[in-house]
Number of protein chains: 2
Amino acid sequence: MNEVKVFCPATIANLSCGFDVLGLCLDNVGDEMIVRKTAEKGIRITKIEGANLPLETEKNVAGVALLAMLEEVDADFGFEIEIYKHIKAGSGIGSSAASSAGAVFAANELLGNPFTRKELVKFAMQGEKLASGNAHADNVAPALLGGFTLVRSSNPLDIIKIDSPDELFATVIHPQIELKTSDARSVLKQTVSLKSAITQWGNVGGLIAGLYTQDYDLIGRSLHDEIVEPLRSVLIPGFDLIKQSALENGALGSGISGSGPSIFALSRGKATADKIAKGMSEVYDTMNLPYEIHVCKVNDTGMRVI
Amino acid sequence: MNEVKVFCPATIANLSCGFDVLGLCLDNVGDEMIVRKTAEKGIRITKIEGANLPLETEKNVAGVALLAMLEEVDADFGFEIEIYKHIKAGSGIGSSAASSAGAVFAANELLGNPFTRKELVKFAMQGEKLASGNAHADNVAPALLGGFTLVRSSNPLDIIKIDSPDELFATVIHPQIELKTSDARSVLKQTVSLKSAITQWGNVGGLIAGLYTQDYDLIGRSLHDEIVEPLRSVLIPGFDLIKQSALENGALGSGISGSGPSIFALSRGKATADKIAKGMSEVYDTMNLPYEIHVCKVNDTGMRVI
């Protein structure tokens, strides 16, 4: 194999109760990436379509992730990368994670898969570190492993993949505003009340239990966030209206995707997810706010060769 | 049926990472209780052996729990209760919960089981409220349901029972010191760092995932508490030595049982649990501190008729 083309899925991190630890993988929203073997060693990013991102290896998340991987494996060839971005940077659905994870996944294929998907996470995290200053795994883990992922611990890295219930769909709306991750980070408080923390870890436990038992109602009851959402949601226009609309249209739960500004809702079955999308769209239509909207099954496989 | 005798198991609440939300049920440590139908209506506690506790219905946790239950069901007879306490009050393994839950479980049997075990939890919680001022469910839920329980939410009450992995054993050592729940509560801080809270809910998620997948190593990796244990463990003599001994002897994890002073360790298989008990005993023997020690399988059934 001299060339591989991969689908690099978008992801939803945090999932309301699971700030910094939970994420899920989306099915039909993502980038594409072609990685080719080259006789000359090293990494060259030769093409980026759909986004204005640096071609220099050391300044691009895909390049940095692959550099980290090549420190741990000998390759007797080089890599040429073409990136076709469909996930907008700053949308809150894991744009940098898709590129970081995509590069190491594709290169691993060309190398004959010396690493498991789980082992690739730590390399992809180096791309996240370049993007946000923080080597977090809550987007790269679901992009690589699919389904739901729990980052039990970042140091040492301990990631658990949890299969998605069969009928789980996500609706994600992306208002076309700019919300810098640094601004979304700056509104956070460094302490939380013990009471809220207990509520939150009760809900994390409930969500994990709901996923293992395919208990959609329990999943819904657990999708609450009384720590981060109240602080961040004020940065997102119409957040309360969008969430209310989603719940009225049958969502199991709704919240901020990653650090925003995208807003997600989970639901049982595509019909409900479509209905939620219609309702969300009407809210932003009424506000004259441009948006993109996606309805996706949860992708239980993750990154894949196409 | 005019009389029922029940086994009222001891329980371990909190389980390191799951402060106020997690608990498990023990197998061969517990009280016994006999509840009889009487022609005269009302509740009479006629005998308490093994503890110096009030016989007045309104001052006894068993009486109060049963009073709460009788507000929601019509009984054309009364109840006479005999309590045989084996769980020491203030030990941290759910002494009041065993009595509260036992009374409602036994009376429910005599009434032909109008309530499910899960429905009995809220009545038993009224006994806990009398005992500690706080109607918490993290001991009464595992006592009634068995296995592991997650109190996802206290209000509204939402309890999830999780079956125990087959080979899971607990070792519990109870140093014979008095540690008031109020003192154990008073050392808690009302705020926690966001960083520690994230670590904690990552571990709650990991523990729940480990239970569903019977992944003993994951259970062990998740049994950490960086919020409550550092504050409370200083109230328990030799805590660090006992925990270290447990881990050196193969425990998956070790921590404070409930609000202490008992210390628990979980392990895979009885041989390891016995070895841990020997090591823990040696620590307190060396310190000349009297103790009781128990080795129990996790009890997946909960409260039972004997």
# chains A, B, ... in the order shown; residues from 1 in each chain; ligands from 1

$ interface_residues --of "chain A" --to "chain B" --cutoff "6 Å" --atoms "only C-alpha atoms" --output "ChimeraX atom specification"
/A:152,190-194,201-206

$ residues_around --residues "stretch 300-305 of chain B" --least-positions-apart "5" --cutoff "6 Å" --atoms "only C-alpha atoms" --output "list of chain:residue names"
B:Lys5, B:Val6, B:Phe7, B:Cys8, B:Ala143, B:Leu144, B:Leu145, B:Gly146, B:Gly147

$ closest_atom_pairs --of "stretch 210-272 of chain B" --to "stretch 282-299 of chain B" --cutoff "8 Å" --atoms "only C-alpha atoms" --output "JSON lines"
{"residue": "B:Gly238", "atom": "CA", "partner": "B:Tyr284", "partner_atom": "CA", "distance": 7.6}
{"residue": "B:Leu241", "atom": "CA", "partner": "B:Val283", "partner_atom": "CA", "distance": 6.9}
{"residue": "B:Ile242", "atom": "CA", "partner": "B:Val283", "partner_atom": "CA", "distance": 6.4}
{"residue": "B:Ser245", "atom": "CA", "partner": "B:Val283", "partner_atom": "CA", "distance": 7.9}
{"residue": "B:Lys270", "atom": "CA", "partner": "B:Lys297", "partner_atom": "CA", "distance": 7.6}

$ write_last_selection --atoms "N, CA, C and O atoms" --output "mmCIF file, in the first residue's frame"
data_model
loop_
_atom_site.group_PDB
_atom_site.id
_atom_site.type_symbol
_atom_site.label_atom_id
_atom_site.label_comp_id
_atom_site.auth_asym_id
_atom_site.auth_seq_id
_atom_site.Cartn_x
_atom_site.Cartn_y
_atom_site.Cartn_z
ATOM 1 N N GLY B 238 -3.591 5.231 61.713
ATOM 2 C CA GLY B 238 -2.935 4.228 60.874
ATOM 3 C C GLY B 238 -3.510 4.083 59.486
ATOM 4 O O GLY B 238 -3.199 3.112 58.784
ATOM 5 N N LEU B 241 -0.971 3.394 56.676
ATOM 6 C CA LEU B 241 -0.315 2.082 56.813
ATOM 7 C C LEU B 241 -1.250 0.949 56.409
ATOM 8 O O LEU B 241 -0.846 -0.004 55.740
ATOM 9 N N ILE B 242 -2.526 1.072 56.821
ATOM 10 C CA ILE B 242 -3.515 0.042 56.472
ATOM 11 C C ILE B 242 -3.709 -0.003 54.954
ATOM 12 O O ILE B 242 -3.699 -1.073 54.334
ATOM 13 N N SER B 245 -0.640 -1.412 53.219
ATOM 14 C CA SER B 245 -0.585 -2.857 53.429
ATOM 15 C C SER B 245 -1.558 -3.576 52.489
ATOM 16 O O SER B 245 -1.219 -4.586 51.867
ATOM 17 N N LYS B 270 -11.184 -14.653 47.068
ATOM 18 C CA LYS B 270 -11.158 -14.693 48.538
ATOM 19 C C LYS B 270 -9.742 -14.813 49.089
ATOM 20 O O LYS B 270 -9.433 -14.242 50.149
#

$ select_by_dssp --residues "stretch 20-122 of chain A" --states "strand (DSSP E)" --output "PyMOL selection string"
chain A and resi 22-38+43-49+78-84

$ atom_distance --atom1 "atom CA of A:Gly78" --atom2 "atom CA of A:Ile43"
5.9 Å

$ residues_around --residues "A:Gly112" --least-positions-apart "2" --cutoff "12 Å" --atoms "only C-alpha atoms" --output "PyMOL selection string"
chain A and resi 1-2+4+73-75+105-110+114-116

$ select_by_dssp --residues "stretch 94-247 of chain A" --states "helix (DSSP H, G or I)" --output "VMD selection string"
chain A and resid 95 to 110 117 to 132 140 to 145 181 to 186 194 to 212 216 to 222 229 to 235 239 to 247

$ residues_around --residues "B:Gly258" --least-positions-apart "6" --cutoff "6 Å" --atoms "only C-alpha atoms" --output "list in words"
Ile12, Ala13, Asn14 and Gly92 of chain B

$ residues_around --residues "A:Ile256" --least-positions-apart "6" --cutoff "9 Å" --atoms "only C-alpha atoms" --output "ChimeraX atom specification"
/A:12-16,92,229,232-233,236,239,262-265
